[in-house]
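**Q** Take this structure, written in structure tokens, and hold onto it; I'll ask about it next.
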Amino acid sequence: MTWLITGGAGYIGAHVVRALTEAGERTVVYDDLSTGIAERLPDDVPLEVGTVLDGVRLSKVIAGHGITGVVHLAGKKRVGESVDMPLHYYRENVEGLRVLLEAVTAAGVTSFVFSSSAAVYGMPDVELVTEDTPCAPLSPYGETKLAGEWLVRATGRTTGLATASLRYFNVAGAARPELADLGVHNLVPMVFEKLTEDAPAQIFGDDYPTPDGTCVRDYIHVVDLADAHVATARALAASPGRDLTLNIGRGEGVSVREMIDRINAITGHHRTPSVAPRRPGDPARVVASADRITAELGWTAKRDVQDMITSAWEGWLRRFPGAARL
């Protein structure tokens with residue numbers, strides 16, 4: 001098959017491109033480069049620059065490269081920004097998806113993998129979140145991901161398009177330093193940024209009903225996440241009309257304080273974190289049940305938190321070598 005990876009020059013996208021390519025699949029990247037970096041891509045992977053809001057451009061790219069499957073990663077993903085700019089998020093994430101699906105179905109593409117998020121669950125009051133846990137997103141970002149799942153599923157039912165919605169938990173790590181996450185919107189790079197500034201990491205709330213009072217999250221290595229996309233893509237290609245909704249996590253919770261302690265130990269920094277008030281809408285615990293993806297696809301995560309932090313730190317030092325000083 002030939003896979004179009006929208007957002008393929010981004011942090012997660014570049015890992016998915018490399019995983020699919022190394023698995024023997026042909027890939028083409030479609031990215032507007034607003035946050036993506038072309039240099040992340042292998043030299044032999046074509047890059048088409050464009051927005052998913054441009055249906056004419058999408059149709060030409062799909063036809064020109066003989067696309068038979070799509071992995072849709074393009075979109076906006078900052079929770080706080082989505083609260084301030086809900087119309088922008090709905091336009092980019094929902095209308096962009098609708099335009100893409102229109103081009104995909106018109107061209108006879110057979111498989112579609114949608115990048116969703118654990119944000120669809122909102123504030124679940126359960127030990128492990130399963131795919132059947134009720135969805136109640138707390139932000140416009142989470143709402144757009146849930147609406148996207150509905151749109152993908154409805155399109156598949158109507159057209160026979162094989163579809164999968166992958167609900168990512170907290171992604172970290174890197175396959176190699178040049179592919180590391182350069183943004184500072186997730187916990188690991190946010191802590192790295194503070195270390196680079198010789199400032200204490202910040203904990204938002206230490207009075208949650210958890211063992212150490214800080215929020216507990218499920219972290220997944222980006223390489224494992226990319227491998228899950230390969231398994232999903234192959235399952236859809238082998239099963240026309242299939243519909244999957246799958247958590248991508250490890251099923252193991254790590255608290256914010258524990259994560260900061262591990263980062264300090266690995267990086268050699270020993271700043272005591274500061275504590276700030278809770279942020280509105282932060283659930284105490286969100287940890288995945290990964291049983292369904294194991295049963296459906298035989299996939300399980302192989303890398304632990306140590307691997308995530310170590311590989312992410314190597315990437316950070318490539319950009320900020322001065323951060324290595326103690």
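Here, A, B, ... name the chains of the structure tokens in the order displayed, residue numbers run from 1 inside each chain, and ligands are numbered from 1 in the same displayed order.
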Give me the residues near A:Val94 as an mmCIF file with all heavy atoms, in the first residue's frame, where near means some atom within 7 Å (using only C-alpha atoms) and where sequence neighbours in that chain fewer than 3 positions away do not count.
**A**
```cif
data_model
loop_
_atom_site.group_PDB
_atom_site.id
_atom_site.type_symbol
_atom_site.label_atom_id
_atom_site.label_comp_id
_atom_site.auth_asym_id
_atom_site.auth_seq_id
_atom_site.Cartn_x
_atom_site.Cartn_y
_atom_site.Cartn_z
ATOM 1 N N TYR A 90 -11.881 24.032 15.969
ATOM 2 C CA TYR A 90 -12.920 23.299 15.243
ATOM 3 C C TYR A 90 -12.692 23.381 13.735
ATOM 4 O O TYR A 90 -12.919 22.404 13.010
ATOM 5 C CB TYR A 90 -14.310 23.825 15.620
ATOM 6 C CG TYR A 90 -14.900 23.100 16.808
ATOM 7 C CD1 TYR A 90 -14.590 23.480 18.106
ATOM 8 C CD2 TYR A 90 -15.739 22.016 16.621
ATOM 9 C CE1 TYR A 90 -15.117 22.808 19.195
ATOM 10 C CE2 TYR A 90 -16.285 21.332 17.705
ATOM 11 C CZ TYR A 90 -15.965 21.731 18.994
ATOM 12 O OH TYR A 90 -16.485 21.040 20.071
ATOM 13 N N ARG A 91 -12.228 24.528 13.263
ATOM 14 C CA ARG A 91 -11.963 24.663 11.823
ATOM 15 C C ARG A 91 -10.821 23.735 11.401
ATOM 16 O O ARG A 91 -10.933 22.984 10.430
ATOM 17 C CB ARG A 91 -11.628 26.114 11.480
ATOM 18 C CG ARG A 91 -11.365 26.357 9.984
ATOM 19 C CD ARG A 91 -11.220 27.849 9.715
ATOM 20 N NE ARG A 91 -11.096 28.123 8.285
ATOM 21 C CZ ARG A 91 -9.938 28.184 7.633
ATOM 22 N NH1 ARG A 91 -8.801 28.012 8.286
ATOM 23 N NH2 ARG A 91 -9.914 28.442 6.340
ATOM 24 N N LEU A 97 -10.631 17.682 8.859
ATOM 25 C CA LEU A 97 -10.882 16.248 8.741
ATOM 26 C C LEU A 97 -12.001 15.970 7.745
ATOM 27 O O LEU A 97 -11.905 15.031 6.941
ATOM 28 C CB LEU A 97 -11.239 15.676 10.115
ATOM 29 C CG LEU A 97 -11.685 14.211 10.167
ATOM 30 C CD1 LEU A 97 -10.598 13.283 9.634
ATOM 31 C CD2 LEU A 97 -12.076 13.826 11.595
ATOM 32 N N ARG A 98 -13.063 16.771 7.790
ATOM 33 C CA ARG A 98 -14.168 16.566 6.847
ATOM 34 C C ARG A 98 -13.700 16.730 5.402
ATOM 35 O O ARG A 98 -14.017 15.901 4.532
ATOM 36 C CB ARG A 98 -15.308 17.570 7.118
ATOM 37 C CG ARG A 98 -16.554 17.306 6.272
ATOM 38 C CD ARG A 98 -17.451 18.512 6.175
ATOM 39 N NE ARG A 98 -16.820 19.613 5.461
ATOM 40 C CZ ARG A 98 -16.702 19.673 4.134
ATOM 41 N NH1 ARG A 98 -17.135 18.687 3.365
ATOM 42 N NH2 ARG A 98 -16.121 20.716 3.559
ATOM 43 N N THR A 144 -12.929 18.298 19.773
ATOM 44 C CA THR A 144 -12.662 18.110 18.337
ATOM 45 C C THR A 144 -12.175 16.700 18.041
ATOM 46 O O THR A 144 -12.464 16.151 16.972
ATOM 47 C CB THR A 144 -11.642 19.132 17.808
ATOM 48 O OG1 THR A 144 -10.360 18.935 18.428
ATOM 49 C CG2 THR A 144 -12.115 20.558 18.023
ATOM 50 N N GLY A 148 -14.155 14.154 15.782
ATOM 51 C CA GLY A 148 -13.419 13.525 14.686
ATOM 52 C C GLY A 148 -13.633 12.028 14.639
ATOM 53 O O GLY A 148 -13.816 11.441 13.566
#
```
**Q** If we count only C-alpha atoms and set the cut-off at 8 Å, which residues sit around stretch 52-57 of chain A, ignoring sequence neighbours fewer than 3 positions away in its own chain? Please answer as a list in words.
**A**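 The neighbour list is Thr6, Lys60, Val61, Ala74, Glu92, Glu95, Gly96, Leu97, Val99, Leu100, Glu102 and Ala103 of chain A.
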**Q** Out of A:Arg234, A:His65, A:Arg157, A:Arg167, which residue has the shortest atom-to-atom distance to A:Leu47 when counting only C-alpha atoms?
**A**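 Closest to A:Leu47 of all the choices is A:His65.
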**Q** A:Val83: which residues within 8 Å, counting only C-alpha atoms, same-chain residues fewer than 3 positions away excluded, as a PyMOL selection string?
**A** chain A and resi 79-80+86+139-141
**Q** Based on the selection just made, write all heavy atoms of those residues as a PDB file, in the first residue's frame.
**A**
```pdb
ATOM      1  N   VAL A  79      -4.150  22.158  24.517  1.00  0.00           N
ATOM      2  CA  VAL A  79      -5.408  22.243  25.248  1.00  0.00           C
ATOM      3  C   VAL A  79      -5.735  23.681  25.637  1.00  0.00           C
ATOM      4  O   VAL A  79      -6.838  24.183  25.390  1.00  0.00           O
ATOM      5  CB  VAL A  79      -5.362  21.344  26.503  1.00  0.00           C
ATOM      6  CG1 VAL A  79      -6.574  21.591  27.394  1.00  0.00           C
ATOM      7  CG2 VAL A  79      -5.288  19.875  26.096  1.00  0.00           C
ATOM      8  N   GLY A  80      -4.777  24.371  26.255  1.00  0.00           N
ATOM      9  CA  GLY A  80      -5.025  25.733  26.689  1.00  0.00           C
ATOM     10  C   GLY A  80      -5.348  26.659  25.533  1.00  0.00           C
ATOM     11  O   GLY A  80      -6.255  27.503  25.630  1.00  0.00           O
ATOM     12  N   PRO A  86     -11.465  28.421  20.315  1.00  0.00           N
ATOM     13  CA  PRO A  86     -12.271  27.240  19.951  1.00  0.00           C
ATOM     14  C   PRO A  86     -12.654  27.204  18.476  1.00  0.00           C
ATOM     15  O   PRO A  86     -12.667  26.121  17.873  1.00  0.00           O
ATOM     16  CB  PRO A  86     -13.501  27.363  20.852  1.00  0.00           C
ATOM     17  CG  PRO A  86     -13.578  28.807  21.222  1.00  0.00           C
ATOM     18  CD  PRO A  86     -12.159  29.255  21.314  1.00  0.00           C
ATOM     19  N   SER A 139     -12.146  20.163  27.141  1.00  0.00           N
ATOM     20  CA  SER A 139     -11.609  21.290  26.368  1.00  0.00           C
ATOM     21  C   SER A 139     -12.103  21.203  24.932  1.00  0.00           C
ATOM     22  O   SER A 139     -12.468  20.119  24.449  1.00  0.00           O
ATOM     23  CB  SER A 139     -10.078  21.254  26.369  1.00  0.00           C
ATOM     24  OG  SER A 139      -9.618  20.119  25.640  1.00  0.00           O
ATOM     25  N   PRO A 140     -12.103  22.317  24.222  1.00  0.00           N
ATOM     26  CA  PRO A 140     -12.418  22.259  22.792  1.00  0.00           C
ATOM     27  C   PRO A 140     -11.502  21.295  22.033  1.00  0.00           C
ATOM     28  O   PRO A 140     -11.949  20.630  21.096  1.00  0.00           O
ATOM     29  CB  PRO A 140     -12.227  23.709  22.338  1.00  0.00           C
ATOM     30  CG  PRO A 140     -12.557  24.508  23.553  1.00  0.00           C
ATOM     31  CD  PRO A 140     -11.993  23.708  24.703  1.00  0.00           C
ATOM     32  N   TYR A 141     -10.237  21.212  22.429  1.00  0.00           N
ATOM     33  CA  TYR A 141      -9.340  20.244  21.790  1.00  0.00           C
ATOM     34  C   TYR A 141      -9.901  18.825  21.920  1.00  0.00           C
ATOM     35  O   TYR A 141     -10.036  18.090  20.932  1.00  0.00           O
ATOM     36  CB  TYR A 141      -7.945  20.305  22.403  1.00  0.00           C
ATOM     37  CG  TYR A 141      -7.087  19.121  22.037  1.00  0.00           C
ATOM     38  CD1 TYR A 141      -6.625  18.955  20.735  1.00  0.00           C
ATOM     39  CD2 TYR A 141      -6.760  18.154  22.987  1.00  0.00           C
ATOM     40  CE1 TYR A 141      -5.852  17.849  20.389  1.00  0.00           C
ATOM     41  CE2 TYR A 141      -5.981  17.054  22.653  1.00  0.00           C
ATOM     42  CZ  TYR A 141      -5.538  16.904  21.348  1.00  0.00           C
ATOM     43  OH  TYR A 141      -4.785  15.809  21.005  1.00  0.00           O
TER      44      TYR A 141
END
```
**Q** I need the residue nearest A:Gly253 from this list: A:Thr294, A:Asn170, A:Thr272, A:Asn93. Use only C-alpha atoms for the distance.
**A**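 Closest to A:Gly253 of all the choices is A:Asn170.
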**Q** Please extract the residues of stretch 102-301 of chain A with a backbone DSSP assignment of strand (DSSP E or B) and present them as a PyMOL selection string.
**A** chain A and resi 111-117+129+162-168+170-172+202-204+216-221+243-248+253-255+274-276+285-286+288
**Q** Among stretch 157-313 of chain A, which ones does DSSP assign to alpha helix (DSSP H) (computed from the backbone)? Answer as an NGL selection string.
**A** :A and (157-159 or 187-196 or 222-238 or 256-267 or 291-297 or 305-313)
**Q** Just to confirm, what's the straight-line distance from atom CA of A:Asp227 to atom CA of A:Ile5 in Å (one decimal)?
**A**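 Straight-line distance from atom CA of A:Asp227 to atom CA of A:Ile5 works out to 14.5 Å.
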**Q** Hey, which of A:Ile309, A:Ala226, A:Ile248, A:Ala295 ends up closest to A:Thr267? Count only C-alpha atoms.
**A**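 Between A:Ile309, A:Ala226, A:Ile248, A:Ala295, the residue approaching A:Thr267 most closely is A:Ile309.
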**Q** Give me the residues near A:Ala9 as a list of chain:residue names, where near means some atom within 7 Å (using only C-alpha atoms) and where sequence neighbours in that chain fewer than 5 positions away do not count.
**A**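 The residues satisfying every condition are A:Ala14, A:Asp31, A:Gly36, A:Ile37, A:Ala38, A:Arg40, A:Leu41.
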**Q** Using only C-alpha atoms, find each residue in stretch 222-304 of chain A having at least one atom no more than 6 Å away from stretch 192-208 of chain A; report its shortest atom-to-atom pair and that distance in Å (one decimal), rows by chain then rising number, as CSV.
**A**
```
residue,atom,partner,partner_atom,distance
A:Arg271,CA,A:Pro200,CA,5.4
A:Pro273,CA,A:Ala201,CA,4.7
A:Ser274,CA,A:Gln202,CA,5.0
A:Val275,CA,A:Ile203,CA,4.8
A:Ala276,CA,A:Phe204,CA,4.8
A:Pro277,CA,A:Gly205,CA,5.0
A:Arg278,CA,A:Gly205,CA,4.2
A:Ala284,CA,A:Tyr208,CA,5.9
```
**Q** Put those residues in a file: N, CA, C and O atoms, as a PDB file, in the first residue's frame.
**A**
```pdb
ATOM      1  N   ARG A 271      17.152  19.995  41.432  1.00  0.00           N
ATOM      2  CA  ARG A 271      16.293  21.083  41.888  1.00  0.00           C
ATOM      3  C   ARG A 271      14.986  20.525  42.467  1.00  0.00           C
ATOM      4  O   ARG A 271      14.326  19.701  41.840  1.00  0.00           O
ATOM      5  N   PRO A 273      11.213  20.610  43.015  1.00  0.00           N
ATOM      6  CA  PRO A 273      10.149  21.292  42.268  1.00  0.00           C
ATOM      7  C   PRO A 273       9.340  22.228  43.152  1.00  0.00           C
ATOM      8  O   PRO A 273       9.202  21.999  44.356  1.00  0.00           O
ATOM      9  N   SER A 274       8.803  23.275  42.538  1.00  0.00           N
ATOM     10  CA  SER A 274       7.897  24.174  43.249  1.00  0.00           C
ATOM     11  C   SER A 274       6.464  23.713  43.018  1.00  0.00           C
ATOM     12  O   SER A 274       6.173  23.014  42.043  1.00  0.00           O
ATOM     13  N   VAL A 275       5.584  24.089  43.911  1.00  0.00           N
ATOM     14  CA  VAL A 275       4.184  23.677  43.819  1.00  0.00           C
ATOM     15  C   VAL A 275       3.312  24.909  43.590  1.00  0.00           C
ATOM     16  O   VAL A 275       3.406  25.899  44.328  1.00  0.00           O
ATOM     17  N   ALA A 276       2.509  24.848  42.558  1.00  0.00           N
ATOM     18  CA  ALA A 276       1.563  25.910  42.227  1.00  0.00           C
ATOM     19  C   ALA A 276       0.141  25.371  42.411  1.00  0.00           C
ATOM     20  O   ALA A 276      -0.065  24.159  42.553  1.00  0.00           O
ATOM     21  N   PRO A 277      -0.864  26.235  42.403  1.00  0.00           N
ATOM     22  CA  PRO A 277      -2.250  25.753  42.531  1.00  0.00           C
ATOM     23  C   PRO A 277      -2.630  24.832  41.376  1.00  0.00           C
ATOM     24  O   PRO A 277      -2.032  24.860  40.296  1.00  0.00           O
ATOM     25  N   ARG A 278      -3.641  24.019  41.609  1.00  0.00           N
ATOM     26  CA  ARG A 278      -4.165  23.142  40.555  1.00  0.00           C
ATOM     27  C   ARG A 278      -4.566  23.948  39.329  1.00  0.00           C
ATOM     28  O   ARG A 278      -4.992  25.110  39.436  1.00  0.00           O
ATOM     29  N   ALA A 284      -7.294  13.722  38.394  1.00  0.00           N
ATOM     30  CA  ALA A 284      -6.301  13.164  39.307  1.00  0.00           C
ATOM     31  C   ALA A 284      -5.528  12.010  38.671  1.00  0.00           C
ATOM     32  O   ALA A 284      -4.305  11.898  38.834  1.00  0.00           O
TER      33      ALA A 284
END
```
**Q** Under the rule that only C-alpha atoms are counted, which of A:Val254, A:Leu179, A:Val286, A:Ala301 is the nearest residue to A:Arg318?
**A**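 Looking only at the distances to A:Arg318, the closest residue turns out to be A:Leu179.
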**Q** Please provide the set of residues having any atom within 12 Å of A:Asp43, restricted to only C-alpha atoms, with same-chain residues fewer than 5 positions apart removed, written as an mmCIF file with N, CA, C and O atoms, in the first residue's frame.
**A**
```
data_model
loop_
_atom_site.group_PDB
_atom_site.id
_atom_site.type_symbol
_atom_site.label_atom_id
_atom_site.label_comp_id
_atom_site.auth_asym_id
_atom_site.auth_seq_id
_atom_site.Cartn_x
_atom_site.Cartn_y
_atom_site.Cartn_z
ATOM 1 N N VAL A 17 6.196 7.913 10.111
ATOM 2 C CA VAL A 17 6.730 7.771 8.751
ATOM 3 C C VAL A 17 7.882 6.785 8.743
ATOM 4 O O VAL A 17 7.943 5.870 7.899
ATOM 5 N N ARG A 18 8.806 6.939 9.654
ATOM 6 C CA ARG A 18 9.973 6.053 9.684
ATOM 7 C C ARG A 18 9.579 4.622 10.013
ATOM 8 O O ARG A 18 10.119 3.669 9.433
ATOM 9 N N THR A 21 7.904 3.145 6.896
ATOM 10 C CA THR A 21 8.911 2.959 5.840
ATOM 11 C C THR A 21 9.800 1.765 6.151
ATOM 12 O O THR A 21 10.075 0.935 5.270
ATOM 13 N N THR A 27 5.453 5.548 1.772
ATOM 14 C CA THR A 27 4.829 6.669 2.459
ATOM 15 C C THR A 27 5.034 7.971 1.700
ATOM 16 O O THR A 27 6.047 8.171 1.031
ATOM 17 N N VAL A 28 4.045 8.845 1.822
ATOM 18 C CA VAL A 28 4.098 10.201 1.291
ATOM 19 C C VAL A 28 3.630 11.120 2.416
ATOM 20 O O VAL A 28 2.648 10.822 3.100
ATOM 21 N N VAL A 29 4.333 12.226 2.629
ATOM 22 C CA VAL A 29 3.983 13.149 3.709
ATOM 23 C C VAL A 29 3.267 14.366 3.146
ATOM 24 O O VAL A 29 3.669 14.931 2.120
ATOM 25 N N ALA A 38 10.821 19.690 7.845
ATOM 26 C CA ALA A 38 11.076 18.828 6.692
ATOM 27 C C ALA A 38 12.299 17.950 6.891
ATOM 28 O O ALA A 38 12.347 16.809 6.407
#
```
